[in-house]
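Just below is one structure, and these are the notes that go with it.
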Amino acid sequence: MISVDNLTVEFGAKPLFKDVSFVINDRDRIALVGKNGAGKSTMLKILCGLQKPTSGQVSVPNDVTVGYLPQVMRISDDTTVIEEARKAFANITEFQDKLAALETEMAKRTDYESDSYNQLVAEYTEIQERYMMLGGGNYEAEMERTLVGLGFERTDFDRPTSEFSGGWRMRIELAKILLRKPDVLLLDEPTNHLDIESIQWLEQYLQNFAKAVVLVSHDRAFINNVTDRTIEITCGHIEDYKVKYDQYLVLRKERREQQLRAYENQQKEIADTKAFIERFRYQATKAVQVQQRIRQLEKIVPIEVDEVDNKVMHLKFPPCLRSGDYPIICENLRKDYGSHTVFSDVTFTIKRGEKVAFVGKNGEGKSTLVKCIMGEIPFTGKLKIGHNVQIGYFVQNQAQLLDEDITIYDTIDRVATGDMRLKINDLLGAFMFGGETSEKKVKVLSGGERSRLAMIKLLLEPVNLLILDEPTNHLDIPSKEVLKDAIKAFDGTAIIVSHDREFLDGLVSKVYEFKGGKVREHLGGIYDYLCAHNAETVNEALTETQSSPRISATEESVSAGKQNYEERKAQQKKVRKAQRLVDESEKKIASMEKRVAELDKLFMNAENASNMELVTEYTDLKRSLDEENDRWMTLSENLEKLQKAVG
């Protein structure tokens, strides 16, 4: 479908990648991987024609359509959600207009036997067939299914898109791309703005309905569930693995070990050859051998070892002024949008030095409350910001606010003040923007790099209240760990809006749950919160029909809570397995009982009474049924014991 031949891209002295070739076939499910800045997003832009390579070519047949979702998108629309989604079917509406015009013309005509009328009918039939092939008969229903799958409520359909956050508007763009049903889908971090239900829906859609898919994602589970081929960009070239991501990691490790052995052997050979040359360079009797060794040395092609990103991002927030004892006090806070109440009766106090999490499904008001705290939107009730509080705010679309036409260095240079101006290079180096990289323009950065750059801007001001709205969206796993360690060591207060359980674990001591227009306080860490809800994930806890009572925990009980949670989780796994075995047994029994009843009816006919095949089947079936009933009894008793143990 798409052929890439000898592709080379250069941004500086060193090519981003060189002489890259591969083919994207129909039904391919490709994960494009590599370290941050390796060129993944650039490759997607080249594949969809938005960027030109330095050399080489990308061949896309004329009849092949490509859909591209970038990490960062400037969205400007002034329609409703459903009207914006309907734009995906612009070609269908054109066909509708053509069909209506042809129907009008045919209704006027009476020369049914003429050639021109027959041509008119043939044209109408052809357009109608194409219209139906494009889904013209049910595109409204398909549009609704896609929007609901991506998390929209039907009541959202007629709301203006301007009322939605950047993340929700990205969902609308994703819906439009999926509804167009392109032959090749290019998705750059598609899960960044999705909750777990929407991610699962997208997984199923890509597995069952998409044609060819090429995606970039830091969500390991998502990649494993969707893709079956992995293309790695490394050392300026690609390695193509026809396996899932997890298997690719194993094969890559094996390949790198082989490369290291080959590299070490080559280095030993080079060292031995150089030693021979130096030893016998000036001995006339060895002149021929020395020249042979020199020629051998010149012919050696250096073995490259795949890059492993071992650079560590050392992150430390600058010292901050001491704030008042209570940086945030809310009393009976309420926010309405027209007749829709986002939340009401919100009352809580955040103490100085606390690290707290805001959790809740999209649209439940987490970011809205943050905007209230920041004074960006009006509200009713009381919200008091404590004495001497200085807020540092990292919002989901922070990376979109960067000036794309200046360099990384200039981006920081423009906001740095005082002594910090002397430390810009050190700060950029700590965020993996050292050396020549700092001279790159923002426009060529990947989503992850832009997020890191936006985080640097946040660090340049000494603050004592951090508000981080989905800070890990564009960060890889090592970067998440470094950020987490920095927040742990932060002297001030922190509010983290996130669903990332691993990131929140050991970081927060209080969880605020946004659900059903209410905000409930849960004392203790994220594992205490999950344990109280009898859930394995944050999203599972949020989908409970009833809210659990508040819990409290000391620092000592946090680790105990986590241990109890893990034990409970293992026990629940046993219960689910036992339940599955009971269900399977019941299905077998039902099937066998149905067949026994059928045979009983057959035996009512005298002719079948002497049919030995039926008699044998009946005897064997009754014996198997008795055995399965005994097995069901044992399985049921085991299940009952496990359920009692769980409580």
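Residues are referred to by chain and number: the chain letter is A, B, ... according to the order shown in the structure tokens, the number counts from 1 in that chain, and ligands are numbered separately from 1 in the order shown.
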Do you have, as a tab-separated table, the list of residues of range 410-518 of chain A lying at most 9 Å from range 317-335 of chain A, each with its nearest atom pair and that distance in Å to one decimal, counting only C-alpha atoms and ordered by chain then number?
```
residue	atom	partner	partner_atom	distance
A:Leu459	CA	A:Phe317	CA	6.0
A:Leu460	CA	A:Pro318	CA	7.8
A:Glu461	CA	A:Pro318	CA	7.7
A:Pro462	CA	A:Cys320	CA	5.0
A:Val463	CA	A:Cys320	CA	5.5
A:Asn464	CA	A:Cys320	CA	5.6
A:Leu465	CA	A:Pro327	CA	7.5
A:Ala486	CA	A:Phe317	CA	6.9
A:Ile487	CA	A:Phe317	CA	8.0
A:Ala489	CA	A:Phe317	CA	8.3
A:Phe490	CA	A:Phe317	CA	6.4
A:Asp491	CA	A:Cys320	CA	7.5
A:Gly492	CA	A:Cys320	CA	7.3
A:Thr493	CA	A:Pro327	CA	7.8
```
Restricting the output to all heavy atoms, write the selected residues as an mmCIF file, in the first residue's frame.
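And here is the file that came out, out.cif:
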```cif
data_model
loop_
_atom_site.group_PDB
_atom_site.id
_atom_site.type_symbol
_atom_site.label_atom_id
_atom_site.label_comp_id
_atom_site.auth_asym_id
_atom_site.auth_seq_id
_atom_site.Cartn_x
_atom_site.Cartn_y
_atom_site.Cartn_z
ATOM 1 N N LEU A 459 9.573 25.058 35.871
ATOM 2 C CA LEU A 459 10.600 24.991 36.909
ATOM 3 C C LEU A 459 11.328 26.306 37.130
ATOM 4 O O LEU A 459 12.009 26.474 38.132
ATOM 5 C CB LEU A 459 11.652 23.936 36.532
ATOM 6 C CG LEU A 459 11.200 22.479 36.501
ATOM 7 C CD1 LEU A 459 12.349 21.588 36.111
ATOM 8 C CD2 LEU A 459 10.637 22.066 37.829
ATOM 9 N N LEU A 460 11.211 27.226 36.190
ATOM 10 C CA LEU A 460 12.013 28.449 36.272
ATOM 11 C C LEU A 460 11.510 29.437 37.315
ATOM 12 O O LEU A 460 12.207 30.380 37.650
ATOM 13 C CB LEU A 460 12.069 29.123 34.891
ATOM 14 C CG LEU A 460 12.915 28.358 33.874
ATOM 15 C CD1 LEU A 460 12.846 28.999 32.516
ATOM 16 C CD2 LEU A 460 14.357 28.264 34.344
ATOM 17 N N GLU A 461 10.305 29.239 37.802
ATOM 18 C CA GLU A 461 9.793 30.126 38.840
ATOM 19 C C GLU A 461 9.671 29.353 40.147
ATOM 20 O O GLU A 461 9.109 28.261 40.168
ATOM 21 C CB GLU A 461 8.414 30.674 38.445
ATOM 22 C CG GLU A 461 8.454 31.591 37.239
ATOM 23 C CD GLU A 461 7.083 32.160 36.928
ATOM 24 O OE1 GLU A 461 6.207 32.070 37.806
ATOM 25 O OE2 GLU A 461 6.898 32.661 35.816
ATOM 26 N N PRO A 462 10.201 29.919 41.229
ATOM 27 C CA PRO A 462 10.043 29.247 42.525
ATOM 28 C C PRO A 462 8.582 29.316 42.962
ATOM 29 O O PRO A 462 8.019 30.395 43.103
ATOM 30 C CB PRO A 462 10.944 30.057 43.464
ATOM 31 C CG PRO A 462 11.091 31.386 42.801
ATOM 32 C CD PRO A 462 10.964 31.171 41.327
ATOM 33 N N VAL A 463 7.957 28.161 43.104
ATOM 34 C CA VAL A 463 6.543 28.105 43.497
ATOM 35 C C VAL A 463 6.404 27.212 44.725
ATOM 36 O O VAL A 463 7.273 26.384 45.004
ATOM 37 C CB VAL A 463 5.661 27.563 42.353
ATOM 38 C CG1 VAL A 463 5.728 28.479 41.143
ATOM 39 C CG2 VAL A 463 6.073 26.139 41.958
ATOM 40 N N ASN A 464 5.317 27.387 45.462
ATOM 41 C CA ASN A 464 5.099 26.519 46.623
ATOM 42 C C ASN A 464 3.800 25.721 46.517
ATOM 43 O O ASN A 464 3.458 24.965 47.409
ATOM 44 C CB ASN A 464 5.131 27.317 47.932
ATOM 45 C CG ASN A 464 4.283 28.574 47.876
ATOM 46 O OD1 ASN A 464 3.222 28.581 47.245
ATOM 47 N ND2 ASN A 464 4.754 29.641 48.517
ATOM 48 N N LEU A 465 3.065 25.907 45.404
ATOM 49 C CA LEU A 465 1.885 25.076 45.121
ATOM 50 C C LEU A 465 1.942 24.642 43.667
ATOM 51 O O LEU A 465 1.829 25.459 42.754
ATOM 52 C CB LEU A 465 0.590 25.845 45.386
ATOM 53 C CG LEU A 465 -0.713 25.137 44.968
ATOM 54 C CD1 LEU A 465 -0.861 23.786 45.682
ATOM 55 C CD2 LEU A 465 -1.933 26.016 45.229
ATOM 56 N N ALA A 486 11.024 13.901 41.792
ATOM 57 C CA ALA A 486 11.159 15.344 42.023
ATOM 58 C C ALA A 486 9.978 15.881 42.835
ATOM 59 O O ALA A 486 10.157 16.701 43.737
ATOM 60 C CB ALA A 486 11.262 16.074 40.693
ATOM 61 N N ILE A 487 8.763 15.405 42.529
ATOM 62 C CA ILE A 487 7.579 15.869 43.272
ATOM 63 C C ILE A 487 7.641 15.371 44.716
ATOM 64 O O ILE A 487 7.262 16.085 45.651
ATOM 65 C CB ILE A 487 6.280 15.393 42.584
ATOM 66 C CG1 ILE A 487 6.177 15.982 41.174
ATOM 67 C CG2 ILE A 487 5.058 15.805 43.397
ATOM 68 C CD1 ILE A 487 5.038 15.419 40.353
ATOM 69 N N ALA A 489 10.273 15.005 46.453
ATOM 70 C CA ALA A 489 11.252 15.823 47.171
ATOM 71 C C ALA A 489 10.844 17.293 47.247
ATOM 72 O O ALA A 489 11.497 18.078 47.935
ATOM 73 C CB ALA A 489 12.612 15.708 46.475
ATOM 74 N N PHE A 490 9.777 17.662 46.569
ATOM 75 C CA PHE A 490 9.311 19.055 46.526
ATOM 76 C C PHE A 490 8.848 19.490 47.920
ATOM 77 O O PHE A 490 8.074 18.798 48.575
ATOM 78 C CB PHE A 490 8.174 19.154 45.506
ATOM 79 C CG PHE A 490 7.529 20.506 45.392
ATOM 80 C CD1 PHE A 490 8.288 21.636 45.140
ATOM 81 C CD2 PHE A 490 6.151 20.652 45.529
ATOM 82 C CE1 PHE A 490 7.688 22.882 45.021
ATOM 83 C CE2 PHE A 490 5.534 21.887 45.409
ATOM 84 C CZ PHE A 490 6.317 23.008 45.163
ATOM 85 N N ASP A 491 9.307 20.661 48.361
ATOM 86 C CA ASP A 491 8.986 21.132 49.711
ATOM 87 C C ASP A 491 7.556 21.637 49.839
ATOM 88 O O ASP A 491 7.001 21.676 50.941
ATOM 89 C CB ASP A 491 9.941 22.272 50.117
ATOM 90 C CG ASP A 491 11.350 21.766 50.326
ATOM 91 O OD1 ASP A 491 11.503 20.577 50.649
ATOM 92 O OD2 ASP A 491 12.293 22.558 50.149
ATOM 93 N N GLY A 492 6.968 22.067 48.736
ATOM 94 C CA GLY A 492 5.653 22.690 48.796
ATOM 95 C C GLY A 492 4.508 21.696 48.714
ATOM 96 O O GLY A 492 4.644 20.502 49.002
ATOM 97 N N THR A 493 3.365 22.205 48.276
ATOM 98 C CA THR A 493 2.126 21.431 48.168
ATOM 99 C C THR A 493 1.906 21.073 46.705
ATOM 100 O O THR A 493 2.273 21.839 45.812
ATOM 101 C CB THR A 493 0.941 22.279 48.679
ATOM 102 O OG1 THR A 493 1.293 22.810 49.966
ATOM 103 C CG2 THR A 493 -0.329 21.469 48.790
#
```
Identify, on the basis of only C-alpha atoms, every residue whose closest approach to Lys52 in chain A does not exceed 12 Å; exclude the query and any residue fewer than 3 positions from it along the same chain; express the result as JSON, numbers by chain.
-> {"A": [7, 8, 9, 10, 11, 42, 43, 44, 45, 46, 47, 48, 49, 55, 56, 57, 58]}
Dump N, CA, C and O atoms for the selected residues as an mmCIF file, in the first residue's frame?
```cif
data_model
loop_
_atom_site.group_PDB
_atom_site.id
_atom_site.type_symbol
_atom_site.label_atom_id
_atom_site.label_comp_id
_atom_site.auth_asym_id
_atom_site.auth_seq_id
_atom_site.Cartn_x
_atom_site.Cartn_y
_atom_site.Cartn_z
ATOM 1 N N LEU A 7 14.872 6.424 2.353
ATOM 2 C CA LEU A 7 14.486 7.689 2.973
ATOM 3 C C LEU A 7 15.621 8.228 3.848
ATOM 4 O O LEU A 7 16.161 7.510 4.688
ATOM 5 N N THR A 8 15.948 9.495 3.650
ATOM 6 C CA THR A 8 16.946 10.168 4.479
ATOM 7 C C THR A 8 16.380 11.501 4.939
ATOM 8 O O THR A 8 15.802 12.244 4.141
ATOM 9 N N VAL A 9 16.526 11.795 6.231
ATOM 10 C CA VAL A 9 16.068 13.070 6.786
ATOM 11 C C VAL A 9 17.206 13.670 7.588
ATOM 12 O O VAL A 9 17.765 13.024 8.473
ATOM 13 N N GLU A 10 17.553 14.923 7.280
ATOM 14 C CA GLU A 10 18.636 15.621 7.968
ATOM 15 C C GLU A 10 18.119 16.933 8.534
ATOM 16 O O GLU A 10 17.508 17.720 7.820
ATOM 17 N N PHE A 11 18.382 17.172 9.832
ATOM 18 C CA PHE A 11 18.060 18.455 10.454
ATOM 19 C C PHE A 11 19.329 19.210 10.832
ATOM 20 O O PHE A 11 19.325 20.388 11.084
ATOM 21 N N THR A 42 8.276 12.413 13.087
ATOM 22 C CA THR A 42 8.728 12.869 11.762
ATOM 23 C C THR A 42 8.387 11.844 10.696
ATOM 24 O O THR A 42 7.929 12.189 9.605
ATOM 25 N N MET A 43 8.598 10.564 11.010
ATOM 26 C CA MET A 43 8.284 9.500 10.045
ATOM 27 C C MET A 43 6.805 9.510 9.690
ATOM 28 O O MET A 43 6.430 9.374 8.514
ATOM 29 N N LEU A 44 5.930 9.688 10.698
ATOM 30 C CA LEU A 44 4.488 9.723 10.427
ATOM 31 C C LEU A 44 4.135 10.914 9.527
ATOM 32 O O LEU A 44 3.308 10.793 8.614
ATOM 33 N N LYS A 45 4.754 12.066 9.795
ATOM 34 C CA LYS A 45 4.475 13.250 8.972
ATOM 35 C C LYS A 45 4.909 13.034 7.525
ATOM 36 O O LYS A 45 4.238 13.487 6.588
ATOM 37 N N ILE A 46 6.024 12.351 7.333
ATOM 38 C CA ILE A 46 6.500 12.060 5.977
ATOM 39 C C ILE A 46 5.563 11.073 5.286
ATOM 40 O O ILE A 46 5.235 11.220 4.103
ATOM 41 N N LEU A 47 5.097 10.067 6.036
ATOM 42 C CA LEU A 47 4.204 9.061 5.448
ATOM 43 C C LEU A 47 2.891 9.682 4.965
ATOM 44 O O LEU A 47 2.314 9.237 3.973
ATOM 45 N N CYS A 48 2.419 10.731 5.681
ATOM 46 C CA CYS A 48 1.144 11.338 5.278
ATOM 47 C C CYS A 48 1.343 12.543 4.360
ATOM 48 O O CYS A 48 0.369 13.196 3.972
ATOM 49 N N GLY A 49 2.615 12.850 4.030
ATOM 50 C CA GLY A 49 2.872 13.910 3.055
ATOM 51 C C GLY A 49 2.972 15.302 3.630
ATOM 52 O O GLY A 49 3.074 16.277 2.876
ATOM 53 N N SER A 55 16.032 13.168 1.131
ATOM 54 C CA SER A 55 16.144 12.367 -0.096
ATOM 55 C C SER A 55 15.334 11.093 0.071
ATOM 56 O O SER A 55 14.872 10.775 1.168
ATOM 57 N N GLY A 56 15.167 10.364 -1.024
ATOM 58 C CA GLY A 56 14.330 9.169 -1.012
ATOM 59 C C GLY A 56 12.890 9.523 -1.325
ATOM 60 O O GLY A 56 12.556 10.694 -1.552
ATOM 61 N N GLN A 57 12.041 8.520 -1.353
ATOM 62 C CA GLN A 57 10.640 8.797 -1.687
ATOM 63 C C GLN A 57 9.676 7.869 -0.958
ATOM 64 O O GLN A 57 10.032 6.774 -0.548
ATOM 65 N N VAL A 58 8.448 8.369 -0.832
ATOM 66 C CA VAL A 58 7.336 7.594 -0.275
ATOM 67 C C VAL A 58 6.300 7.456 -1.383
ATOM 68 O O VAL A 58 5.798 8.457 -1.897
#
```
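Nearest residue to Asn6 in chain A, choosing from A:Ile456, A:Val148, A:Val23, A:Leu625 and counting only C-alpha atoms: A:Val23.
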Sel. of alpha helix (DSSP H) residues, range 183-292 of chain A, as a ChimeraX atom specification = /A:196-208,220-226,245-280,287-292
Residues within 12 Å of Ala122 in chain A, only C-alpha atoms, excluding chain neighbours under 6 positions, as a ChimeraX atom specification | /A:99,102,106,115-116,128-129
Taking N, CA, C and O atoms for each residue, export the selection above as a short mmCIF file (atom, residue, chain, number, x, y, z; two decimals), in the first residue's frame.
```
data_model
loop_
_atom_site.label_atom_id
_atom_site.label_comp_id
_atom_site.auth_asym_id
_atom_site.auth_seq_id
_atom_site.Cartn_x
_atom_site.Cartn_y
_atom_site.Cartn_z
N LEU A 99 -27.66 12.43 -5.98
CA LEU A 99 -28.79 11.50 -6.10
C LEU A 99 -30.12 12.26 -6.11
O LEU A 99 -31.03 11.93 -6.89
N LEU A 102 -30.57 13.87 -9.50
CA LEU A 102 -30.91 12.87 -10.53
C LEU A 102 -32.35 12.39 -10.36
O LEU A 102 -33.06 12.16 -11.35
N MET A 106 -35.20 12.58 -13.19
CA MET A 106 -35.89 11.38 -13.67
C MET A 106 -37.40 11.51 -13.48
O MET A 106 -38.19 11.01 -14.29
N ASP A 115 -32.22 6.53 -25.06
CA ASP A 115 -30.86 6.23 -24.60
C ASP A 115 -30.43 7.19 -23.49
O ASP A 115 -29.76 6.78 -22.54
N SER A 116 -30.81 8.45 -23.60
CA SER A 116 -30.40 9.43 -22.60
C SER A 116 -31.02 9.11 -21.24
O SER A 116 -30.38 9.30 -20.20
N GLN A 128 -25.52 5.56 -6.58
CA GLN A 128 -26.17 4.97 -5.41
C GLN A 128 -25.35 3.82 -4.84
O GLN A 128 -25.23 3.67 -3.62
N GLU A 129 -24.74 3.00 -5.74
CA GLU A 129 -23.90 1.89 -5.28
C GLU A 129 -22.69 2.42 -4.51
O GLU A 129 -22.34 1.90 -3.45
#
```
Pick out the residues sitting within 9 Å of Glu593 in chain A, and hand them over as a PyMOL selection string; count only C-alpha atoms, and ignore anything fewer than 3 positions along from it in its own chain.
-> chain A and resi 588-590+596-598+621-622+625
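Excluding Gly360 in chain A itself and same-chain residues fewer than 5 positions from it, the residues having an atom within 10 Å of it are Asp195, Gly365, Lys366, Val497, Ser498, His499, Tyr512, Glu513, Phe514, Lys515, Gly516, Val519, Val538, Asn539, Ala541, Leu542 and Thr543 of chain A, counting only C-alpha atoms.
From CA of Ser217 in chain A back to CA of Pro53 in chain A, the distance works out to 22.8 Å.
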Å distance separating CA of Arg450 in chain A from CA of Tyr68 in chain A, one decimal place = 19.3 Å
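We find CA of Val288 in chain A and CA of Ile270 in chain A to be spaced 18.3 Å apart.
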Find the residues near Asp583 in chain A: any atom within 10 Å, counting only C-alpha atoms, skip ones fewer than 6 places away on the same chain, and give them as an MDAnalysis selection string.
-> chainID A and resid 577 589 632 635:636
Atoms kept (N, CA and C atoms) for selection, written as a PDB file, in the first residue's frame:
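Dumped to result_36.pdb:
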```pdb
ATOM      1  N   LYS A 577     -11.401 -17.081  38.675  1.00  0.00           N
ATOM      2  CA  LYS A 577     -11.064 -18.328  37.995  1.00  0.00           C
ATOM      3  C   LYS A 577     -12.020 -19.447  38.418  1.00  0.00           C
ATOM      4  N   ILE A 589     -23.232 -29.138  31.622  1.00  0.00           N
ATOM      5  CA  ILE A 589     -24.376 -29.887  32.172  1.00  0.00           C
ATOM      6  C   ILE A 589     -25.646 -29.561  31.396  1.00  0.00           C
ATOM      7  N   TRP A 632     -19.164 -30.386  39.282  1.00  0.00           N
ATOM      8  CA  TRP A 632     -19.784 -29.086  39.555  1.00  0.00           C
ATOM      9  C   TRP A 632     -19.948 -28.864  41.058  1.00  0.00           C
ATOM     10  N   LEU A 635     -16.515 -27.955  42.461  1.00  0.00           N
ATOM     11  CA  LEU A 635     -16.141 -26.599  42.043  1.00  0.00           C
ATOM     12  C   LEU A 635     -16.955 -25.546  42.794  1.00  0.00           C
ATOM     13  N   SER A 636     -18.247 -25.816  42.998  1.00  0.00           N
ATOM     14  CA  SER A 636     -19.120 -24.865  43.687  1.00  0.00           C
ATOM     15  C   SER A 636     -18.707 -24.698  45.145  1.00  0.00           C
TER      16      SER A 636
END
```
